[in-house]
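*Asks:* Provided below: coords.pdb, containing PDB, N, CA, C and O atoms.
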```
ATOM      1  N   MET A 285      23.463 -11.561  13.328
ATOM      2  CA  MET A 285      22.492 -10.581  12.904
ATOM      3  C   MET A 285      21.472 -11.263  12.002
ATOM      4  O   MET A 285      21.822 -11.991  11.087
ATOM      5  N   VAL A 286      20.222 -11.019  12.245
ATOM      6  CA  VAL A 286      19.147 -11.586  11.445
ATOM      7  C   VAL A 286      18.452 -10.456  10.710
ATOM      8  O   VAL A 286      18.084  -9.446  11.311
ATOM      9  N   VAL A 287      18.303 -10.622   9.417
ATOM     10  CA  VAL A 287      17.634  -9.609   8.602
ATOM     11  C   VAL A 287      16.377 -10.227   8.026
ATOM     12  O   VAL A 287      16.421 -11.289   7.415
ATOM     13  N   TYR A 288      15.262  -9.584   8.264
ATOM     14  CA  TYR A 288      13.995 -10.048   7.713
ATOM     15  C   TYR A 288      13.616  -9.138   6.548
ATOM     16  O   TYR A 288      13.587  -7.932   6.696
ATOM     17  N   MET A 289      13.368  -9.729   5.417
ATOM     18  CA  MET A 289      12.992  -8.947   4.253
ATOM     19  C   MET A 289      11.572  -9.309   3.839
ATOM     20  O   MET A 289      11.194 -10.476   3.873
ATOM     21  N   ALA A 290      10.821  -8.306   3.472
ATOM     22  CA  ALA A 290       9.472  -8.562   2.982
ATOM     23  C   ALA A 290       9.579  -9.232   1.620
ATOM     24  O   ALA A 290      10.379  -8.837   0.787
ATOM     25  N   LYS A 291       8.785 -10.242   1.419
ATOM     26  CA  LYS A 291       8.817 -10.950   0.149
ATOM     27  C   LYS A 291       7.857 -10.258  -0.815
ATOM     28  O   LYS A 291       6.675 -10.144  -0.550
ATOM     29  N   ARG A 292       8.412  -9.787  -1.914
ATOM     30  CA  ARG A 292       7.607  -9.130  -2.938
ATOM     31  C   ARG A 292       7.557 -10.037  -4.150
ATOM     32  O   ARG A 292       8.566 -10.584  -4.574
ATOM     33  N   ILE A 293       6.405 -10.147  -4.709
ATOM     34  CA  ILE A 293       6.249 -10.968  -5.901
ATOM     35  C   ILE A 293       5.701 -10.094  -7.016
ATOM     36  O   ILE A 293       4.677  -9.428  -6.858
ATOM     37  N   THR A 294       6.413 -10.070  -8.120
ATOM     38  CA  THR A 294       5.972  -9.332  -9.291
ATOM     39  C   THR A 294       6.048 -10.271 -10.483
ATOM     40  O   THR A 294       7.035 -10.954 -10.671
ATOM     41  N   PHE A 295       5.011 -10.285 -11.273
ATOM     42  CA  PHE A 295       4.992 -11.139 -12.450
ATOM     43  C   PHE A 295       5.291 -10.304 -13.677
ATOM     44  O   PHE A 295       4.728  -9.227 -13.856
ATOM     45  N   LEU A 296       6.184 -10.804 -14.507
ATOM     46  CA  LEU A 296       6.524 -10.133 -15.754
ATOM     47  C   LEU A 296       6.203 -11.053 -16.915
ATOM     48  O   LEU A 296       6.476 -12.250 -16.863
ATOM     49  N   ARG A 297       5.668 -10.491 -17.951
ATOM     50  CA  ARG A 297       5.415 -11.267 -19.162
ATOM     51  C   ARG A 297       6.594 -11.024 -20.096
ATOM     52  O   ARG A 297       6.783  -9.917 -20.598
ATOM     53  N   LEU A 298       7.409 -12.044 -20.298
ATOM     54  CA  LEU A 298       8.598 -11.928 -21.131
ATOM     55  C   LEU A 298       8.529 -12.916 -22.279
ATOM     56  O   LEU A 298       8.010 -14.024 -22.123
ATOM     57  N   SER A 299       9.117 -12.531 -23.387
ATOM     58  CA  SER A 299       9.220 -13.470 -24.502
ATOM     59  C   SER A 299      10.245 -14.541 -24.130
ATOM     60  O   SER A 299      11.033 -14.372 -23.194
ATOM     61  N   GLU A 300      10.236 -15.612 -24.861
ATOM     62  CA  GLU A 300      11.200 -16.693 -24.587
ATOM     63  C   GLU A 300      12.637 -16.186 -24.744
ATOM     64  O   GLU A 300      13.516 -16.552 -23.966
ATOM     65  N   ASP A 301      12.871 -15.323 -25.737
ATOM     66  CA  ASP A 301      14.215 -14.757 -25.931
ATOM     67  C   ASP A 301      14.628 -13.904 -24.739
ATOM     68  O   ASP A 301      15.772 -13.969 -24.293
ATOM     69  N   ASP A 302      13.700 -13.108 -24.222
ATOM     70  CA  ASP A 302      14.005 -12.275 -23.058
ATOM     71  C   ASP A 302      14.264 -13.120 -21.816
ATOM     72  O   ASP A 302      15.143 -12.807 -21.016
ATOM     73  N   LYS A 303      13.498 -14.182 -21.647
ATOM     74  CA  LYS A 303      13.708 -15.087 -20.510
ATOM     75  C   LYS A 303      15.089 -15.715 -20.583
ATOM     76  O   LYS A 303      15.799 -15.800 -19.575
ATOM     77  N   GLU A 304      15.469 -16.130 -21.787
ATOM     78  CA  GLU A 304      16.781 -16.754 -21.958
ATOM     79  C   GLU A 304      17.895 -15.754 -21.665
ATOM     80  O   GLU A 304      18.869 -16.080 -20.982
ATOM     81  N   LEU A 305      17.739 -14.530 -22.158
ATOM     82  CA  LEU A 305      18.727 -13.488 -21.896
ATOM     83  C   LEU A 305      18.836 -13.203 -20.401
ATOM     84  O   LEU A 305      19.944 -13.098 -19.857
ATOM     85  N   LEU A 306      17.707 -13.103 -19.734
ATOM     86  CA  LEU A 306      17.686 -12.874 -18.294
ATOM     87  C   LEU A 306      18.423 -13.983 -17.554
ATOM     88  O   LEU A 306      19.254 -13.721 -16.678
ATOM     89  N   GLN A 307      18.154 -15.210 -17.906
ATOM     90  CA  GLN A 307      18.812 -16.344 -17.263
ATOM     91  C   GLN A 307      20.311 -16.366 -17.546
ATOM     92  O   GLN A 307      21.109 -16.634 -16.652
ATOM     93  N   ARG A 308      20.688 -16.057 -18.778
ATOM     94  CA  ARG A 308      22.110 -16.050 -19.138
ATOM     95  C   ARG A 308      22.869 -14.968 -18.391
ATOM     96  O   ARG A 308      23.987 -15.189 -17.913
ATOM     97  N   LEU A 309      22.269 -13.773 -18.284
ATOM     98  CA  LEU A 309      22.918 -12.684 -17.548
ATOM     99  C   LEU A 309      23.077 -13.041 -16.069
ATOM    100  O   LEU A 309      24.130 -12.804 -15.476
ATOM    101  N   ALA A 310      22.026 -13.575 -15.481
ATOM    102  CA  ALA A 310      22.080 -13.950 -14.060
ATOM    103  C   ALA A 310      23.158 -15.002 -13.821
ATOM    104  O   ALA A 310      23.921 -14.909 -12.858
ATOM    105  N   LYS A 311      23.229 -15.967 -14.701
ATOM    106  CA  LYS A 311      24.232 -17.032 -14.550
ATOM    107  C   LYS A 311      25.642 -16.482 -14.763
ATOM    108  O   LYS A 311      26.552 -16.798 -14.003
ATOM    109  N   TYR A 312      25.816 -15.640 -15.766
ATOM    110  CA  TYR A 312      27.137 -15.082 -16.070
ATOM    111  C   TYR A 312      27.689 -14.274 -14.901
ATOM    112  O   TYR A 312      28.854 -14.390 -14.538
ATOM    113  N   TYR A 313      26.833 -13.439 -14.300
ATOM    114  CA  TYR A 313      27.270 -12.599 -13.189
ATOM    115  C   TYR A 313      27.064 -13.244 -11.820
ATOM    116  O   TYR A 313      27.361 -12.631 -10.798
ATOM    117  N   ASN A 314      26.505 -14.449 -11.823
ATOM    118  CA  ASN A 314      26.279 -15.193 -10.580
ATOM    119  C   ASN A 314      25.410 -14.392  -9.605
ATOM    120  O   ASN A 314      25.742 -14.235  -8.426
ATOM    121  N   ILE A 315      24.315 -13.850 -10.143
ATOM    122  CA  ILE A 315      23.365 -13.101  -9.334
ATOM    123  C   ILE A 315      21.955 -13.604  -9.647
ATOM    124  O   ILE A 315      21.753 -14.332 -10.616
ATOM    125  N   ALA A 316      21.017 -13.229  -8.836
ATOM    126  CA  ALA A 316      19.631 -13.648  -9.040
ATOM    127  C   ALA A 316      19.026 -12.907 -10.236
ATOM    128  O   ALA A 316      19.424 -11.789 -10.569
ATOM    129  N   GLU A 317      18.053 -13.550 -10.859
ATOM    130  CA  GLU A 317      17.350 -12.923 -11.978
ATOM    131  C   GLU A 317      16.694 -11.617 -11.541
ATOM    132  O   GLU A 317      16.678 -10.641 -12.293
ATOM    133  N   ALA A 318      16.189 -11.576 -10.331
ATOM    134  CA  ALA A 318      15.581 -10.346  -9.813
ATOM    135  C   ALA A 318      16.610  -9.222  -9.735
ATOM    136  O   ALA A 318      16.291  -8.060  -9.993
ATOM    137  N   ASP A 319      17.849  -9.554  -9.403
ATOM    138  CA  ASP A 319      18.903  -8.551  -9.343
ATOM    139  C   ASP A 319      19.227  -8.009 -10.732
ATOM    140  O   ASP A 319      19.505  -6.819 -10.896
ATOM    141  N   VAL A 320      19.202  -8.873 -11.743
ATOM    142  CA  VAL A 320      19.429  -8.428 -13.113
ATOM    143  C   VAL A 320      18.366  -7.400 -13.496
ATOM    144  O   VAL A 320      18.677  -6.338 -14.049
ATOM    145  N   ILE A 321      17.123  -7.688 -13.179
ATOM    146  CA  ILE A 321      16.026  -6.774 -13.503
ATOM    147  C   ILE A 321      16.176  -5.465 -12.738
ATOM    148  O   ILE A 321      16.019  -4.374 -13.284
ATOM    149  N   ARG A 322      16.508  -5.552 -11.462
ATOM    150  CA  ARG A 322      16.677  -4.356 -10.627
ATOM    151  C   ARG A 322      17.790  -3.458 -11.178
ATOM    152  O   ARG A 322      17.631  -2.241 -11.299
ATOM    153  N   ILE A 323      18.921  -4.064 -11.542
ATOM    154  CA  ILE A 323      20.048  -3.309 -12.085
ATOM    155  C   ILE A 323      19.665  -2.672 -13.417
ATOM    156  O   ILE A 323      19.970  -1.508 -13.673
ATOM    157  N   ALA A 324      18.980  -3.436 -14.260
ATOM    158  CA  ALA A 324      18.574  -2.919 -15.571
ATOM    159  C   ALA A 324      17.616  -1.737 -15.424
ATOM    160  O   ALA A 324      17.733  -0.744 -16.160
ATOM    161  N   LEU A 325      16.687  -1.809 -14.489
ATOM    162  CA  LEU A 325      15.754  -0.702 -14.270
ATOM    163  C   LEU A 325      16.476   0.563 -13.815
ATOM    164  O   LEU A 325      16.207   1.661 -14.298
ATOM    165  N   LYS A 326      17.402   0.396 -12.881
ATOM    166  CA  LYS A 326      18.145   1.561 -12.387
ATOM    167  C   LYS A 326      19.012   2.161 -13.488
ATOM    168  O   LYS A 326      19.081   3.387 -13.631
ATOM    169  N   GLU A 327      19.656   1.302 -14.273
ATOM    170  CA  GLU A 327      20.493   1.776 -15.368
ATOM    171  C   GLU A 327      19.651   2.506 -16.413
ATOM    172  O   GLU A 327      20.034   3.566 -16.909
ATOM    173  N   PHE A 328      18.490   1.974 -16.726
ATOM    174  CA  PHE A 328      17.587   2.620 -17.673
ATOM    175  C   PHE A 328      17.174   3.994 -17.166
ATOM    176  O   PHE A 328      17.192   4.982 -17.900
ATOM    177  N   ALA A 329      16.819   4.060 -15.893
ATOM    178  CA  ALA A 329      16.387   5.333 -15.309
ATOM    179  C   ALA A 329      17.526   6.353 -15.327
ATOM    180  O   ALA A 329      17.308   7.531 -15.630
ATOM    181  N   ARG A 330      18.743   5.930 -15.025
ATOM    182  CA  ARG A 330      19.889   6.845 -15.060
ATOM    183  C   ARG A 330      20.151   7.335 -16.483
ATOM    184  O   ARG A 330      20.410   8.517 -16.699
ATOM    185  N   ASN A 331      20.114   6.432 -17.435
ATOM    186  CA  ASN A 331      20.390   6.788 -18.820
ATOM    187  C   ASN A 331      19.361   7.743 -19.395
ATOM    188  O   ASN A 331      19.639   8.470 -20.345
ATOM    189  N   HIS A 332      18.181   7.735 -18.831
ATOM    190  CA  HIS A 332      17.118   8.603 -19.324
ATOM    191  C   HIS A 332      16.801   9.737 -18.369
ATOM    192  O   HIS A 332      15.737  10.345 -18.442
ATOM    193  N   LYS A 333      17.735  10.004 -17.454
ATOM    194  CA  LYS A 333      17.656  11.121 -16.523
ATOM    195  C   LYS A 333      16.442  11.077 -15.585
ATOM    196  O   LYS A 333      16.066  12.065 -15.002
ATOM    197  N   PHE A 334      15.837   9.915 -15.433
ATOM    198  CA  PHE A 334      14.669   9.798 -14.569
ATOM    199  C   PHE A 334      15.065   9.932 -13.097
ATOM    200  O   PHE A 334      14.425  10.660 -12.346
ATOM    201  N   LEU A 335      16.117   9.230 -12.674
ATOM    202  CA  LEU A 335      16.513   9.274 -11.264
ATOM    203  C   LEU A 335      17.030  10.651 -10.863
ATOM    204  O   LEU A 335      16.780  11.088  -9.755
ATOM    205  N   ALA A 336      17.724  11.327 -11.750
ATOM    206  CA  ALA A 336      18.255  12.646 -11.417
ATOM    207  C   ALA A 336      17.127  13.620 -11.097
ATOM    208  O   ALA A 336      17.264  14.493 -10.246
ATOM    209  N   ASP A 337      16.007  13.493 -11.781
ATOM    210  CA  ASP A 337      14.875  14.386 -11.560
ATOM    211  C   ASP A 337      14.102  14.052 -10.287
ATOM    212  O   ASP A 337      13.441  14.901  -9.725
ATOM    213  N   ASN A 338      14.179  12.794  -9.845
ATOM    214  CA  ASN A 338      13.358  12.347  -8.719
ATOM    215  C   ASN A 338      14.128  12.074  -7.442
ATOM    216  O   ASN A 338      13.559  11.559  -6.502
ATOM    217  N   GLU A 339      15.402  12.366  -7.398
ATOM    218  CA  GLU A 339      16.163  12.093  -6.170
ATOM    219  C   GLU A 339      16.202  13.309  -5.280
ATOM    220  O   GLU A 339      16.004  14.410  -5.631
TER     221      GLU A 339
END
```
Write the structure described by the file as structure tokens, please.
*Replies:*
Amino acid sequence: MVVYMAKRITFLRLSEDDKELLQRLAKYYNIAEADVIRIALKEFARNHKFLADNE
């Protein structure tokens, strides 16, 4: 099975501390930095009831 995914590029301006935290989390969980950001966004939205209102 071949899966083709559209490549999306988003630039984020992060402080050096945030970049380090992002890299440490990705390495600790053995996932991509983009996945860390994706998970954090979804968790933030759930914690603030954003997804419940828009699903």
*Asks:* With 8 Å added on each side, what axis-aligned box encloses every listed atom of segment 288-307 of chain A? Give the centre and edge lengths in Å to one decimal, as JSON.
*Replies:*
```
{"center_x": 12.9, "center_y": -12.3, "center_z": -8.8, "size_x": 32.4, "size_y": 24.8, "size_z": 50.2}
```
*Asks:* Take atom CA of Gln307 of chain A and atom CA of Arg322 of chain A and report the distance between them in Å, one decimal.
*Replies:*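 These two atoms are separated by 13.9 Å.
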*Asks:* Just give me the gap between atom CA of Arg292 of chain A and atom CA of Ala318 of chain A in Å, one decimal is fine.
*Replies:* 10.6 Å
*Asks:* From a DSSP calculation on the backbone, collect every residue of chain A in helix (DSSP H, G or I) and output the set as a VMD selection string.
*Replies:* chain A and resid 300 to 313 317 to 331 334 to 338
*Asks:* Can you work out the spacing between atom C of Lys291 of chain A and atom CA of Ile323 of chain A in Å, to one decimal?
*Replies:*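 Atom CA of Ile323 of chain A lies 18.0 Å from atom C of Lys291 of chain A.
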*Asks:* Determine the residue membership of the PyMOL selection byres ((chain A and resi 295-306) around 8) for the file above and supply it as a list in words.
*Replies:*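 For this structure, the PyMOL selection byres ((chain A and resi 295-306) around 8) resolves to Arg292, Ile293, Thr294, Gln307, Arg308, Leu309, Ala310, Lys311, Tyr312, Tyr313, Ile315, Ala316, Glu317, Ala318, Val320 and Ile321 of chain A.
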*Asks:* Just write the chosen residues, N, CA, C and O atoms, as a PDB file, in the coordinates of the input.
*Replies:*
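Result file follows (again-v3.pdb):
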```pdb
ATOM      1  N   ARG A 292       8.412  -9.787  -1.914  1.00  0.00           N
ATOM      2  CA  ARG A 292       7.607  -9.130  -2.938  1.00  0.00           C
ATOM      3  C   ARG A 292       7.557 -10.037  -4.150  1.00  0.00           C
ATOM      4  O   ARG A 292       8.566 -10.584  -4.574  1.00  0.00           O
ATOM      5  N   ILE A 293       6.405 -10.147  -4.709  1.00  0.00           N
ATOM      6  CA  ILE A 293       6.249 -10.968  -5.901  1.00  0.00           C
ATOM      7  C   ILE A 293       5.701 -10.094  -7.016  1.00  0.00           C
ATOM      8  O   ILE A 293       4.677  -9.428  -6.858  1.00  0.00           O
ATOM      9  N   THR A 294       6.413 -10.070  -8.120  1.00  0.00           N
ATOM     10  CA  THR A 294       5.972  -9.332  -9.291  1.00  0.00           C
ATOM     11  C   THR A 294       6.048 -10.271 -10.483  1.00  0.00           C
ATOM     12  O   THR A 294       7.035 -10.954 -10.671  1.00  0.00           O
ATOM     13  N   GLN A 307      18.154 -15.210 -17.906  1.00  0.00           N
ATOM     14  CA  GLN A 307      18.812 -16.344 -17.263  1.00  0.00           C
ATOM     15  C   GLN A 307      20.311 -16.366 -17.546  1.00  0.00           C
ATOM     16  O   GLN A 307      21.109 -16.634 -16.652  1.00  0.00           O
ATOM     17  N   ARG A 308      20.688 -16.057 -18.778  1.00  0.00           N
ATOM     18  CA  ARG A 308      22.110 -16.050 -19.138  1.00  0.00           C
ATOM     19  C   ARG A 308      22.869 -14.968 -18.391  1.00  0.00           C
ATOM     20  O   ARG A 308      23.987 -15.189 -17.913  1.00  0.00           O
ATOM     21  N   LEU A 309      22.269 -13.773 -18.284  1.00  0.00           N
ATOM     22  CA  LEU A 309      22.918 -12.684 -17.548  1.00  0.00           C
ATOM     23  C   LEU A 309      23.077 -13.041 -16.069  1.00  0.00           C
ATOM     24  O   LEU A 309      24.130 -12.804 -15.476  1.00  0.00           O
ATOM     25  N   ALA A 310      22.026 -13.575 -15.481  1.00  0.00           N
ATOM     26  CA  ALA A 310      22.080 -13.950 -14.060  1.00  0.00           C
ATOM     27  C   ALA A 310      23.158 -15.002 -13.821  1.00  0.00           C
ATOM     28  O   ALA A 310      23.921 -14.909 -12.858  1.00  0.00           O
ATOM     29  N   LYS A 311      23.229 -15.967 -14.701  1.00  0.00           N
ATOM     30  CA  LYS A 311      24.232 -17.032 -14.550  1.00  0.00           C
ATOM     31  C   LYS A 311      25.642 -16.482 -14.763  1.00  0.00           C
ATOM     32  O   LYS A 311      26.552 -16.798 -14.003  1.00  0.00           O
ATOM     33  N   TYR A 312      25.816 -15.640 -15.766  1.00  0.00           N
ATOM     34  CA  TYR A 312      27.137 -15.082 -16.070  1.00  0.00           C
ATOM     35  C   TYR A 312      27.689 -14.274 -14.901  1.00  0.00           C
ATOM     36  O   TYR A 312      28.854 -14.390 -14.538  1.00  0.00           O
ATOM     37  N   TYR A 313      26.833 -13.439 -14.300  1.00  0.00           N
ATOM     38  CA  TYR A 313      27.270 -12.599 -13.189  1.00  0.00           C
ATOM     39  C   TYR A 313      27.064 -13.244 -11.820  1.00  0.00           C
ATOM     40  O   TYR A 313      27.361 -12.631 -10.798  1.00  0.00           O
ATOM     41  N   ILE A 315      24.315 -13.850 -10.143  1.00  0.00           N
ATOM     42  CA  ILE A 315      23.365 -13.101  -9.334  1.00  0.00           C
ATOM     43  C   ILE A 315      21.955 -13.604  -9.647  1.00  0.00           C
ATOM     44  O   ILE A 315      21.753 -14.332 -10.616  1.00  0.00           O
ATOM     45  N   ALA A 316      21.017 -13.229  -8.836  1.00  0.00           N
ATOM     46  CA  ALA A 316      19.631 -13.648  -9.040  1.00  0.00           C
ATOM     47  C   ALA A 316      19.026 -12.907 -10.236  1.00  0.00           C
ATOM     48  O   ALA A 316      19.424 -11.789 -10.569  1.00  0.00           O
ATOM     49  N   GLU A 317      18.053 -13.550 -10.859  1.00  0.00           N
ATOM     50  CA  GLU A 317      17.350 -12.923 -11.978  1.00  0.00           C
ATOM     51  C   GLU A 317      16.694 -11.617 -11.541  1.00  0.00           C
ATOM     52  O   GLU A 317      16.678 -10.641 -12.293  1.00  0.00           O
ATOM     53  N   ALA A 318      16.189 -11.576 -10.331  1.00  0.00           N
ATOM     54  CA  ALA A 318      15.581 -10.346  -9.813  1.00  0.00           C
ATOM     55  C   ALA A 318      16.610  -9.222  -9.735  1.00  0.00           C
ATOM     56  O   ALA A 318      16.291  -8.060  -9.993  1.00  0.00           O
ATOM     57  N   VAL A 320      19.202  -8.873 -11.743  1.00  0.00           N
ATOM     58  CA  VAL A 320      19.429  -8.428 -13.113  1.00  0.00           C
ATOM     59  C   VAL A 320      18.366  -7.400 -13.496  1.00  0.00           C
ATOM     60  O   VAL A 320      18.677  -6.338 -14.049  1.00  0.00           O
ATOM     61  N   ILE A 321      17.123  -7.688 -13.179  1.00  0.00           N
ATOM     62  CA  ILE A 321      16.026  -6.774 -13.503  1.00  0.00           C
ATOM     63  C   ILE A 321      16.176  -5.465 -12.738  1.00  0.00           C
ATOM     64  O   ILE A 321      16.019  -4.374 -13.284  1.00  0.00           O
TER      65      ILE A 321
END
```
